[in-house]
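Q: Take this structure first; my questions come after.
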Amino acid sequence: MQQILKGKAFVYGANIDTDQIYPGRFLDLTDPDQVGKHAMEGADPNFVKEVQPGDLIVASTNFGCGSSREHAAVTLKAAGVGAILADSYGRIFYRNAINLGVPLLVCPGIGQKVKRGDSLSLDMTTGTVTNLSSGETMQAQPLSEYVMNILASGGIKPLIKQQYGQG
Amino acid sequence: MHAIEKILAKAAGKAAVTTGEIVNCKVDMAGINDLYLQTLRSFFEMGGKKVHDPNKIVVFLDHYAPASTIMQADNQKQFREFCWEQGIDLLMDVDQGVCHQVMVDKGLVYPGQVLVITDSHTTIHGAFGAFGTGVGATDLAIIMVTGQLWFRIPEIIRIHLEGTLPQGVYAKDIILKVIGALGADYGVYRGVEFTGPVLKQLSVSERMALCNMTTELGAKTAYIQPDEITLQFLQGKVQHEYEIFTTDPGYQYAAEHTFDVTGMTPQIAAPHSVDNVAPVARYAGIPVNQAFLGTCTGGRAEDLAIAAKILQGKKINPRTRFIVVPASKAVLLEAMANGTMKTLVEAGATFVTPGCAACLGTHEGMLAAGETCITASSRNFPGRMGSPKAEIYLGSPAAVAAAALTGKIVDPTEYLKQG
């Protein structure tokens with residue numbers, strides 16, 4: 001896991017649900033590359049055209065609320081999203097993203113302090129977010145040791161494989 | 001400790017747990033839905049060969065029942081073959097219905113159970129005093145490999161329901177009112193317990209609707225203390241031994257809210273958020289193209305019977321489609337046996353296969369841009385049932401049936417008084 005993440009911000013409002021992140025009509029796709037082509041399609045059809053590897057998603061409260069579909073985390077990872085910063089998250093989405101090794105941090109009020117296209121820098125060790133476009137800094141809540149361990153391992157799958165893999 | 005904490009403590013092999021603690025719990029039953037082939041992929045990616053215990057896994061082919069695309073058919077084929085190879089006998093194929101209703105119909109849910117399904121509405125099983133929670137594919141695959149999963153012990157919120165429920169007002173109206181008052185993210189990471197005298201006025205079916213919709217508060221799990229109504233329902237249905245946990249006197253809830261249902265009117269959640277709630281009068285007169293009755297939220301036998309009461313001997317509005325999806329095969333059989341199905345079909349209903357149908361916007365009742373739907377299901381997110389330019393209103397099964405009849409959103413109580 002990189003310690004400093006830099007990228008362009010894509011900014012969304014409150015209650016962006018998993019149907020907006022990944023519409024239900026594409027749930028039969030299973031290949032991550034295919035799943036990645038529909039990232040954010042319900043909220044922002046231009047997202048996949050504009051996103052570059054390492055870009056960040058910024059949102060208000062309850063990002064990823066709604067269904068349990070892991071596709072919502074898979075699609076953002078496959079689209080190249082480097083990290084997600086929001087006021088709060090839907091709980092299943094939060095677990096899914098961590099399990100896949102996608103960093104997501106709780107950063108109160110960030111939705112009001114960042115504009116689409118701003119360049120952000122995120123220090124994963126300290127949780128400090130710097131808006132390189134405005135010069136403003138914000139503090140995200142540090143991740144628990146449990147979660148950092150999963151992210152540092154590249155997601156939960158390598159951890160489980162190491163511990164329980166049946167050869 | 002709270003009963004939920006006691007359930008998790010026992011599953012973790014601990015005498016006590018505290019709020020915020022992360023514990024590894026043995027899972028009594030893990031359910032996988034056909035949307036999530038990723039579960040099997042994650043299982044193999046983590047080095048899985050044989051599942052930890054095939055008797056504690058159930059596979060539901062419910063969201064795509066039956067398959068409408070080649071890819072859906074292929075996903076379901078892979079699930080069937082996995083079950084046969086792994087000795088998983090609890091394969092609920094496309095004839096069975098929505099996972100949650102099937103669990104209940106088959107007697108697989110019981111008080112004190114730790115139940116994890118790849119479906120967000122697994123909170124519904126709090127109606128039986130079980131710990132039910134939804135997870136993603138990889139979390140479920142971890143259970144398949146290890147038999148366990150980690151949980152953070154949640155704060156518990158108490159929602160106390162006072163008063164007497166008026167005729168024509170249902171659990172769906174109560175929970176919409178609660179969500180509207182508290183907000184769609186109020187319950188995130190938390191458990192929600194319902195208490196109070198209103199519970200004695202609610203059947204098991206209605207209690208399920210109440211707990212089901214706590215997911216739309218963001219809740220991790222829901223809970224209703226099992227009582228004589230629960231036990232009477234479970235008697236003869238559940239073979240598994242179970243323990244009923246109770247909350248210690250003096251337990252401190254993270255928050256407590258009281259709602260008095262006396263004089264309450266039917267509630268509607270308007271586009272595009274479940275917490276955008278107002279009394280039905282606010283939206284009365286809005287024309288609807290489709291009325292949708294079904295799902296794990298509002299597709300049980302009682303729900304269909306309410307619709308039949310409203311539509312007995314009548315015809316639906318010719319400009320409105322009325323899609324009816326029994327939640328399960330057992331619900332369909334009951335609706336056939338008691339005449340409900342005949343009444344609804346004669347009134348103009350389109351019956352589709354028991355399952356999730358158009359609730360998740362994949363098939364069987366999709367909406368076009370510019371169309372309006374009223375539904376007894378759980379979500380009105382943009383694009384949830386098809387086009388993101390469709391408008392979805394949530395209401396009780398009675399509100400859906402009354403809209404099918406009149407072609408517009410109306411207060412259903414007046415249609416229940418007639419006949």
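In the structure tokens, chains take letters A, B, ... by order of appearance, with residues numbered from 1 within each chain and ligands from 1 in the order shown.
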Using only C-alpha atoms, I'd like a table of the residues in region 48-156 of chain B that come within 12 Å of region 131-154 of chain A; for each, show the closest atom pair and its distance in Å rounded to one decimal, ordered by chain and ascending number, as CSV.
A:
```
residue,atom,partner,partner_atom,distance
B:Trp150,CA,A:Tyr146,CA,10.5
B:Phe151,CA,A:Tyr146,CA,11.6
B:Arg152,CA,A:Tyr146,CA,11.1
```
Q: Can I get the selection written as a PDB file, in the first residue's frame, with N, CA and C atoms?
A:
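Once everything was written out, this is selection26.pdb:
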```pdb
ATOM      1  N   TRP B 150     -15.582 -11.836  11.370  1.00  0.00           N
ATOM      2  CA  TRP B 150     -15.413 -10.817  12.419  1.00  0.00           C
ATOM      3  C   TRP B 150     -16.577  -9.826  12.401  1.00  0.00           C
ATOM      4  N   PHE B 151     -16.954  -9.399  13.599  1.00  0.00           N
ATOM      5  CA  PHE B 151     -17.976  -8.355  13.750  1.00  0.00           C
ATOM      6  C   PHE B 151     -17.542  -7.371  14.817  1.00  0.00           C
ATOM      7  N   ARG B 152     -17.899  -6.116  14.592  1.00  0.00           N
ATOM      8  CA  ARG B 152     -17.747  -5.115  15.635  1.00  0.00           C
ATOM      9  C   ARG B 152     -19.041  -5.137  16.442  1.00  0.00           C
TER      10      ARG B 152
END
```
Q: So which residues of chain A fall under strand (DSSP E or B) by DSSP, listed as a PyMOL selection string?
A: chain A and resi 4-11+17+56-59+63+65+83-86+89+104-106+119-123+128-131+137-139
Q: Using only C-alpha atoms, find the residues of chain A whose closest atom to chain B is at most 9 Å away, then write them as a PDB file with N, CA and C atoms, in the first residue's frame.
A:
```
ATOM      1  N   ASN A  15     -25.812  10.133   0.548  1.00  0.00           N
ATOM      2  CA  ASN A  15     -26.610   8.938   0.219  1.00  0.00           C
ATOM      3  C   ASN A  15     -26.410   8.442  -1.210  1.00  0.00           C
ATOM      4  N   ILE A  16     -25.156   8.444  -1.686  1.00  0.00           N
ATOM      5  CA  ILE A  16     -24.887   7.814  -2.981  1.00  0.00           C
ATOM      6  C   ILE A  16     -24.952   6.306  -2.760  1.00  0.00           C
ATOM      7  N   ASP A  17     -26.033   5.696  -3.267  1.00  0.00           N
ATOM      8  CA  ASP A  17     -26.288   4.283  -2.970  1.00  0.00           C
ATOM      9  C   ASP A  17     -25.583   3.380  -3.978  1.00  0.00           C
ATOM     10  N   ASP A  19     -26.781   1.320  -6.035  1.00  0.00           N
ATOM     11  CA  ASP A  19     -27.386   1.297  -7.374  1.00  0.00           C
ATOM     12  C   ASP A  19     -26.809   2.409  -8.244  1.00  0.00           C
ATOM     13  N   GLN A  20     -26.442   3.532  -7.626  1.00  0.00           N
ATOM     14  CA  GLN A  20     -25.828   4.618  -8.390  1.00  0.00           C
ATOM     15  C   GLN A  20     -24.353   4.314  -8.679  1.00  0.00           C
ATOM     16  N   PRO A  23     -25.195   0.078 -11.204  1.00  0.00           N
ATOM     17  CA  PRO A  23     -26.609  -0.260 -11.425  1.00  0.00           C
ATOM     18  C   PRO A  23     -26.885  -1.762 -11.470  1.00  0.00           C
ATOM     19  N   GLY A  24     -28.039  -2.132 -10.910  1.00  0.00           N
ATOM     20  CA  GLY A  24     -28.426  -3.537 -10.773  1.00  0.00           C
ATOM     21  C   GLY A  24     -28.447  -4.312 -12.080  1.00  0.00           C
ATOM     22  N   ARG A  25     -28.697  -3.597 -13.190  1.00  0.00           N
ATOM     23  CA  ARG A  25     -28.839  -4.338 -14.440  1.00  0.00           C
ATOM     24  C   ARG A  25     -27.520  -4.945 -14.931  1.00  0.00           C
ATOM     25  N   PHE A  26     -26.401  -4.574 -14.309  1.00  0.00           N
ATOM     26  CA  PHE A  26     -25.107  -5.156 -14.717  1.00  0.00           C
ATOM     27  C   PHE A  26     -24.568  -6.166 -13.703  1.00  0.00           C
ATOM     28  N   LEU A  27     -25.413  -6.602 -12.771  1.00  0.00           N
ATOM     29  CA  LEU A  27     -24.916  -7.472 -11.698  1.00  0.00           C
ATOM     30  C   LEU A  27     -24.515  -8.862 -12.173  1.00  0.00           C
ATOM     31  N   ASP A  28     -24.944  -9.240 -13.393  1.00  0.00           N
ATOM     32  CA  ASP A  28     -24.543 -10.575 -13.845  1.00  0.00           C
ATOM     33  C   ASP A  28     -23.110 -10.601 -14.387  1.00  0.00           C
ATOM     34  N   LEU A  29     -22.485  -9.418 -14.541  1.00  0.00           N
ATOM     35  CA  LEU A  29     -21.075  -9.401 -14.942  1.00  0.00           C
ATOM     36  C   LEU A  29     -20.213  -9.821 -13.752  1.00  0.00           C
ATOM     37  N   THR A  30     -19.159 -10.571 -14.034  1.00  0.00           N
ATOM     38  CA  THR A  30     -18.292 -11.028 -12.943  1.00  0.00           C
ATOM     39  C   THR A  30     -16.827 -10.648 -13.163  1.00  0.00           C
ATOM     40  N   GLY A  42     -24.758   5.213 -12.452  1.00  0.00           N
ATOM     41  CA  GLY A  42     -26.069   5.719 -12.050  1.00  0.00           C
ATOM     42  C   GLY A  42     -26.034   7.147 -11.528  1.00  0.00           C
ATOM     43  N   ALA A  43     -24.861   7.604 -11.060  1.00  0.00           N
ATOM     44  CA  ALA A  43     -24.759   8.960 -10.505  1.00  0.00           C
ATOM     45  C   ALA A  43     -24.062   9.906 -11.474  1.00  0.00           C
ATOM     46  N   THR A  61     -22.332  12.232   3.369  1.00  0.00           N
ATOM     47  CA  THR A  61     -22.663  11.121   4.276  1.00  0.00           C
ATOM     48  C   THR A  61     -23.194   9.884   3.549  1.00  0.00           C
ATOM     49  N   ASN A  62     -22.975   8.721   4.176  1.00  0.00           N
ATOM     50  CA  ASN A  62     -23.637   7.456   3.809  1.00  0.00           C
ATOM     51  C   ASN A  62     -23.281   6.987   2.405  1.00  0.00           C
ATOM     52  N   CYS A  65     -24.454   3.347   0.624  1.00  0.00           N
ATOM     53  CA  CYS A  65     -25.600   2.749   1.317  1.00  0.00           C
ATOM     54  C   CYS A  65     -26.359   1.864   0.340  1.00  0.00           C
ATOM     55  N   GLY A  66     -27.231   1.026   0.893  1.00  0.00           N
ATOM     56  CA  GLY A  66     -28.046   0.180   0.027  1.00  0.00           C
ATOM     57  C   GLY A  66     -27.581  -1.254   0.034  1.00  0.00           C
ATOM     58  N   SER A  67     -27.471  -1.815  -1.151  1.00  0.00           N
ATOM     59  CA  SER A  67     -27.345  -3.271  -1.259  1.00  0.00           C
ATOM     60  C   SER A  67     -25.956  -3.761  -0.852  1.00  0.00           C
ATOM     61  N   SER A  68     -25.843  -5.079  -0.754  1.00  0.00           N
ATOM     62  CA  SER A  68     -24.594  -5.710  -0.315  1.00  0.00           C
ATOM     63  C   SER A  68     -23.632  -5.931  -1.466  1.00  0.00           C
ATOM     64  N   ARG A  69     -24.011  -5.544  -2.685  1.00  0.00           N
ATOM     65  CA  ARG A  69     -23.236  -5.915  -3.876  1.00  0.00           C
ATOM     66  C   ARG A  69     -21.760  -5.507  -3.776  1.00  0.00           C
ATOM     67  N   GLU A  70     -20.903  -6.501  -3.779  1.00  0.00           N
ATOM     68  CA  GLU A  70     -19.466  -6.231  -3.767  1.00  0.00           C
ATOM     69  C   GLU A  70     -19.035  -5.580  -5.078  1.00  0.00           C
ATOM     70  N   HIS A  71     -19.879  -5.744  -6.113  1.00  0.00           N
ATOM     71  CA  HIS A  71     -19.622  -5.077  -7.399  1.00  0.00           C
ATOM     72  C   HIS A  71     -19.324  -3.589  -7.198  1.00  0.00           C
ATOM     73  N   SER A  88     -19.303   9.645   5.905  1.00  0.00           N
ATOM     74  CA  SER A  88     -19.617   8.331   6.475  1.00  0.00           C
ATOM     75  C   SER A  88     -19.964   7.387   5.334  1.00  0.00           C
ATOM     76  N   TYR A  89     -20.057   6.083   5.668  1.00  0.00           N
ATOM     77  CA  TYR A  89     -20.257   5.046   4.654  1.00  0.00           C
ATOM     78  C   TYR A  89     -21.379   4.100   5.054  1.00  0.00           C
ATOM     79  N   GLY A  90     -22.017   3.496   4.027  1.00  0.00           N
ATOM     80  CA  GLY A  90     -22.868   2.342   4.279  1.00  0.00           C
ATOM     81  C   GLY A  90     -21.974   1.225   4.790  1.00  0.00           C
ATOM     82  N   ARG A  91     -22.456   0.467   5.795  1.00  0.00           N
ATOM     83  CA  ARG A  91     -21.542  -0.441   6.488  1.00  0.00           C
ATOM     84  C   ARG A  91     -21.085  -1.625   5.646  1.00  0.00           C
ATOM     85  N   ILE A  92     -21.950  -2.158   4.789  1.00  0.00           N
ATOM     86  CA  ILE A  92     -21.523  -3.322   4.000  1.00  0.00           C
ATOM     87  C   ILE A  92     -20.504  -2.876   2.953  1.00  0.00           C
ATOM     88  N   PHE A  93     -20.765  -1.712   2.337  1.00  0.00           N
ATOM     89  CA  PHE A  93     -19.819  -1.179   1.357  1.00  0.00           C
ATOM     90  C   PHE A  93     -18.458  -0.956   2.004  1.00  0.00           C
ATOM     91  N   ARG A  95     -17.073  -2.536   4.535  1.00  0.00           N
ATOM     92  CA  ARG A  95     -16.384  -3.825   4.699  1.00  0.00           C
ATOM     93  C   ARG A  95     -15.882  -4.344   3.360  1.00  0.00           C
ATOM     94  N   ASN A  96     -16.745  -4.231   2.337  1.00  0.00           N
ATOM     95  CA  ASN A  96     -16.366  -4.756   1.020  1.00  0.00           C
ATOM     96  C   ASN A  96     -15.121  -4.060   0.487  1.00  0.00           C
ATOM     97  N   ASN A  99     -12.051  -5.124   2.415  1.00  0.00           N
ATOM     98  CA  ASN A  99     -11.698  -6.503   2.048  1.00  0.00           C
ATOM     99  C   ASN A  99     -10.962  -6.563   0.713  1.00  0.00           C
ATOM    100  N   LEU A 100     -11.314  -5.660  -0.201  1.00  0.00           N
ATOM    101  CA  LEU A 100     -10.671  -5.655  -1.520  1.00  0.00           C
ATOM    102  C   LEU A 100      -9.391  -4.820  -1.527  1.00  0.00           C
ATOM    103  N   ILE A 156      -8.154  -8.664   2.091  1.00  0.00           N
ATOM    104  CA  ILE A 156      -8.257  -9.753   3.073  1.00  0.00           C
ATOM    105  C   ILE A 156      -7.958 -11.129   2.464  1.00  0.00           C
ATOM    106  N   LYS A 157      -8.065 -11.216   1.146  1.00  0.00           N
ATOM    107  CA  LYS A 157      -7.893 -12.548   0.540  1.00  0.00           C
ATOM    108  C   LYS A 157      -6.503 -13.141   0.797  1.00  0.00           C
ATOM    109  N   PRO A 158      -5.413 -12.361   0.611  1.00  0.00           N
ATOM    110  CA  PRO A 158      -4.087 -12.944   0.901  1.00  0.00           C
ATOM    111  C   PRO A 158      -3.958 -13.374   2.362  1.00  0.00           C
ATOM    112  N   LEU A 159      -4.580 -12.615   3.268  1.00  0.00           N
ATOM    113  CA  LEU A 159      -4.498 -12.955   4.695  1.00  0.00           C
ATOM    114  C   LEU A 159      -5.172 -14.288   4.989  1.00  0.00           C
ATOM    115  N   ILE A 160      -6.384 -14.438   4.465  1.00  0.00           N
ATOM    116  CA  ILE A 160      -7.130 -15.684   4.717  1.00  0.00           C
ATOM    117  C   ILE A 160      -6.413 -16.863   4.048  1.00  0.00           C
ATOM    118  N   LYS A 161      -5.902 -16.595   2.849  1.00  0.00           N
ATOM    119  CA  LYS A 161      -5.221 -17.674   2.114  1.00  0.00           C
ATOM    120  C   LYS A 161      -4.010 -18.182   2.905  1.00  0.00           C
ATOM    121  N   GLN A 162      -3.281 -17.222   3.458  1.00  0.00           N
ATOM    122  CA  GLN A 162      -2.092 -17.560   4.231  1.00  0.00           C
ATOM    123  C   GLN A 162      -2.463 -18.393   5.465  1.00  0.00           C
ATOM    124  N   TYR A 164      -5.620 -19.943   6.215  1.00  0.00           N
ATOM    125  CA  TYR A 164      -6.538 -21.080   6.095  1.00  0.00           C
ATOM    126  C   TYR A 164      -6.470 -21.812   4.754  1.00  0.00           C
ATOM    127  N   GLY A 165      -5.712 -21.255   3.790  1.00  0.00           N
ATOM    128  CA  GLY A 165      -5.716 -21.820   2.437  1.00  0.00           C
ATOM    129  C   GLY A 165      -5.498 -23.330   2.450  1.00  0.00           C
ATOM    130  N   GLN A 166      -6.261 -24.018   1.606  1.00  0.00           N
ATOM    131  CA  GLN A 166      -6.233 -25.483   1.630  1.00  0.00           C
ATOM    132  C   GLN A 166      -5.294 -26.027   0.553  1.00  0.00           C
ATOM    133  N   GLY A 167      -4.232 -25.263   0.290  1.00  0.00           N
ATOM    134  CA  GLY A 167      -3.181 -25.752  -0.607  1.00  0.00           C
ATOM    135  C   GLY A 167      -3.393 -25.525  -2.075  1.00  0.00           C
TER     136      GLY A 167
END
```
Q: Given only C-alpha atoms as the basis, pick out the residue of A:Ala39, A:Val11, A:Leu120, A:Ile4 nearest to Leu76 (chain A).
A: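 So, comparing all the options, the nearest one is A:Ala39.
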Q: Per DSSP on the backbone, filter region 282-380 of chain B down to the residues in helix (DSSP H, G or I) and report them as JSON, numbers by chain.
A: {"B": [282, 283, 295, 296, 297, 298, 301, 302, 303, 304, 305, 306, 307, 308, 309, 310, 311, 329, 330, 331, 332, 333, 334, 335, 336, 337, 340, 341, 342, 343, 344, 345, 346, 347, 357, 358, 359, 360]}
Q: Report the distance between CA of Gly236 (chain B) and CA of Val102 (chain B) in Å, rounded to one decimal place.
A: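 These atoms are spaced 16.0 Å apart.
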Q: Show which residues sit within 9 Å of Asp87 (chain A), as a VMD selection string. Count only C-alpha atoms, and ignore same-chain residues fewer than 3 positions away.
A: chain A and resid 14 58 to 63 105 to 111
Q: Mind dumping the selected residues with C-alpha atoms as a short mmCIF file (atom, residue, chain, number, x, y, z; two decimals), in the first residue's frame?
A:
```
data_model
loop_
_atom_site.label_atom_id
_atom_site.label_comp_id
_atom_site.auth_asym_id
_atom_site.auth_seq_id
_atom_site.Cartn_x
_atom_site.Cartn_y
_atom_site.Cartn_z
CA ALA A 14 -25.10 12.44 0.42
CA VAL A 58 -15.01 12.45 -2.25
CA ALA A 59 -18.56 12.26 -0.87
CA SER A 60 -20.84 13.47 1.87
CA THR A 61 -22.66 11.12 4.28
CA ASN A 62 -23.64 7.46 3.81
CA PHE A 63 -21.61 6.76 0.65
CA LEU A 105 -11.42 7.05 5.23
CA VAL A 106 -13.97 8.96 7.26
CA CYS A 107 -13.19 12.66 6.77
CA PRO A 108 -15.90 14.87 8.33
CA GLY A 109 -16.99 17.83 6.20
CA ILE A 110 -14.77 17.02 3.22
CA GLY A 111 -17.71 17.13 0.80
#
```
Q: Which residue, B:Ile306, B:Met213, B:Ala269, B:Ala403, has the smallest gap to Asn289 (chain B) when you use only C-alpha atoms?
A: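 Of all the options, B:Ala403 lies closest to Asn289 (chain B).
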Q: One decimal, Å: what's the distance from CA of Met144 (chain B) over to CA of Pro354 (chain B), could you say?
A: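 Distance between the two atoms: 26.9 Å.
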